[in-house]
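> Following this message is one structure expressed as structure tokens.
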Amino acid sequence: MPFGQLVIGPAGSGKTTYCNGMQQYLTLLGRKAVVVNLDPANDALPYECAVDIGELVSLHEVQEKLNLGPNGGLVYCIEYLDSNLDWLQEKLELIQKNEATYVLFDLPGQVELFTLHESLRHIVDTVTNTWHYRLAAVHLVDAHLCSDPAKYISALLLSLSAMLHLELPHVNLLSKIDLIEQYGKLQFNLDFYTEVQDLSYLVQAMGNDPFSQRYRKLSQGLCQVVEDFGLLHFTPLAIEEKGSVQHVLSLIDKANGHVFAGLASGKNPYPPEFVYGAGLTAADTTDMINDYEEKYVNRHIEERYPSA
């Protein structure tokens with residue numbers, strides 16, 4: 001049974017960079033890993049992809065022949081892939097022919113595709129339920145959105161919508177954590193944004209400008225919806241740091257079941273209770289978040305307010 005990741009997120013959130021870095025790290029661990037590029041707009045790939053949707057359909061040709069814009073063209077390309085899944089199946093069967101291979105699916109950054117459009121949902125259902133891939137959705141959100149309460153609320157709604165629509169084991173990441181204060185300072189500690197609790201403070205932090213006052217009740221209602229579901233949690237990611245990638249991969253391995261794969265095959269040398277109890281603890285996560293806060297948040301505070 002093959003394992004893999006469905007890498008999603010808005011445009012510019014770092015999906016392709018993540019796939020490149022994660023593939024390199026998996027290779028260092030001795031896992032055979034490939035990247036499947038399902039983004040027809042991604043024509044400058046830093047990795048060598050095993051499958052490229054560009055071989056099936058060209059976004060440029062779709063836009064020219066059907067007189068569509070970039071967004072409409074992407075929707076058409078994914079719908080075309082959905083109608084030609086036998087092509088993707090043949091490609092994946094060749095990859096898995098000799099030995100089990102870990103697959104990273106690099107998806108387009110158009111949020112409608114993974115929050116409400118049915119074609120991608122059908123593709124995912126086929127890959128998981130018919131072809132029996134064990135996937136975890138990895139949703140990347142740009143960390144600098146935390147510096148703006150309104151944008152952070154939008155990111156929360158986007159992440160929640162993706163979780164409910166795809167119905168996969170889900171790992172939410174704050175990507176580019178080293179640039180978290182690039183566009184403004186944080187109003188709360190980093191763990192406030194990773195734990196997604198007490199969002200009423202976030203509404204208060206939106207300020208008293210006319211726009212915020214006018215839509216304050218709406219913002220409160222949206223935050224209440226997020227809190228009522230109680231599903232969201234974010235993990236910071238700095239893709240160039242080995243420890244950060246290792247931490248994220250540990251979470252994903254538990255989400256898609258890879259950490260337990262050896263139990264079914266009988267090849268795992270450890271007893272089941274050791275495997276089920278292994279992995280990251282709450283203390284490990286807290287230490288990592290504190291470390292990031294010291295490196296990337298407090299550092300900026302010291303730069304703004306140098307000591308005398």
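In the structure tokens, chains take letters A, B, ... by order of appearance, with residues numbered from 1 within each chain and ligands from 1 in the order shown.
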Set the distance at 8 Å and use only C-alpha atoms: which residues neighbour range 118-128 of chain A once local chain neighbours fewer than 5 positions away are removed? I'd like the list as a PDB file with C-alpha atoms, in the first residue's frame.

ATOM      1  CA  ILE A  78      -8.112  19.641 -13.314  1.00  0.00           C
ATOM      2  CA  GLU A  79     -11.505  18.696 -14.780  1.00  0.00           C
ATOM      3  CA  ASP A  82     -10.534  13.994 -13.683  1.00  0.00           C
ATOM      4  CA  LEU A  85      -7.686   9.370 -14.655  1.00  0.00           C
ATOM      5  CA  LEU A 113      -9.948  23.512  -6.258  1.00  0.00           C
ATOM      6  CA  TYR A 133      -2.964   5.198  -1.530  1.00  0.00           C
ATOM      7  CA  ARG A 134      -2.630   6.306   2.090  1.00  0.00           C
ATOM      8  CA  LEU A 135      -2.475  10.093   1.812  1.00  0.00           C
ATOM      9  CA  HIS A 165     -13.973  19.300   1.745  1.00  0.00           C
ATOM     10  CA  LEU A 166     -11.154  16.798   1.199  1.00  0.00           C
TER      11      LEU A 166
END
> Pick out each residue of range 99-205 of chain A that DSSP on the backbone tags as strand (DSSP E); I need them as an MDAnalysis selection string.
chainID A and resid 102:106 134:142 170:175
> Given the selection you just returned, output its residues as a file containing C-alpha atoms, formatted as a short mmCIF file (atom, residue, chain, number, x, y, z; two decimals), in the first residue's frame.

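This is the output file out-v8.cif:
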data_model
loop_
_atom_site.label_atom_id
_atom_site.label_comp_id
_atom_site.auth_asym_id
_atom_site.auth_seq_id
_atom_site.Cartn_x
_atom_site.Cartn_y
_atom_site.Cartn_z
CA TYR A 102 6.44 7.50 -1.45
CA VAL A 103 4.57 10.07 -3.57
CA LEU A 104 4.33 13.83 -3.12
CA PHE A 105 1.45 15.36 -5.09
CA ASP A 106 2.15 19.04 -5.87
CA ARG A 134 -2.63 6.31 2.09
CA LEU A 135 -2.48 10.09 1.81
CA ALA A 136 -2.28 12.97 4.25
CA ALA A 137 -3.18 16.47 3.11
CA VAL A 138 -0.42 18.96 3.93
CA HIS A 139 -1.84 22.48 3.83
CA LEU A 140 0.69 25.32 3.69
CA VAL A 141 -0.27 28.82 4.83
CA ASP A 142 2.20 31.71 4.61
CA HIS A 170 -4.70 16.82 7.65
CA VAL A 171 -1.51 18.61 8.74
CA ASN A 172 -1.63 22.42 8.65
CA LEU A 173 1.69 24.24 8.36
CA LEU A 174 2.75 27.86 8.82
CA SER A 175 5.35 27.99 6.06
#
> Could you tell me, as JSON, numbers by chain, which residues of range 74-273 of chain A DSSP assigns to alpha helix (DSSP H) when given the backbone?
{"A": [74, 75, 76, 77, 78, 79, 80, 81, 82, 83, 85, 86, 87, 88, 89, 90, 91, 92, 93, 94, 95, 111, 112, 113, 114, 115, 118, 119, 120, 121, 122, 123, 124, 125, 149, 150, 151, 152, 153, 154, 155, 156, 157, 158, 159, 160, 161, 162, 163, 164, 165, 166, 190, 191, 192, 193, 194, 195, 200, 201, 202, 203, 204, 210, 211, 212, 213, 214, 216, 217, 218, 219, 220, 221, 222, 223, 224, 225, 226, 227, 228, 229, 242, 243, 244, 245, 246, 247, 248, 249, 250, 251, 252, 253, 254, 255, 256, 261, 262, 263, 264, 265, 272, 273]}
> Separation of CA of Val245 in chain A and CA of Tyr25 in chain A, in Å?
7.7 Å
> Got a sec: who's within 12 Å of range 293-298 of chain A, counting only C-alpha atoms, leaving out chain neighbours fewer than 2 positions off, as a PyMOL selection string?
chain A and resi 143-144+146-147+176-182+184-194+236-238+286-291+300-306
> What is the distance between CA of Val203 in chain A and CA of Ser161 in chain A, in Å to one decimal?
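Distance reported for this atom pair: 20.1 Å.
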> Find the residue from A:Gly14, A:His247, A:Phe234, A:Tyr47 that sits nearest to Ala155 in chain A; use only C-alpha atoms when measuring.
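Among A:Gly14, A:His247, A:Phe234, A:Tyr47, it is A:Phe234 that comes nearest to Ala155 in chain A.
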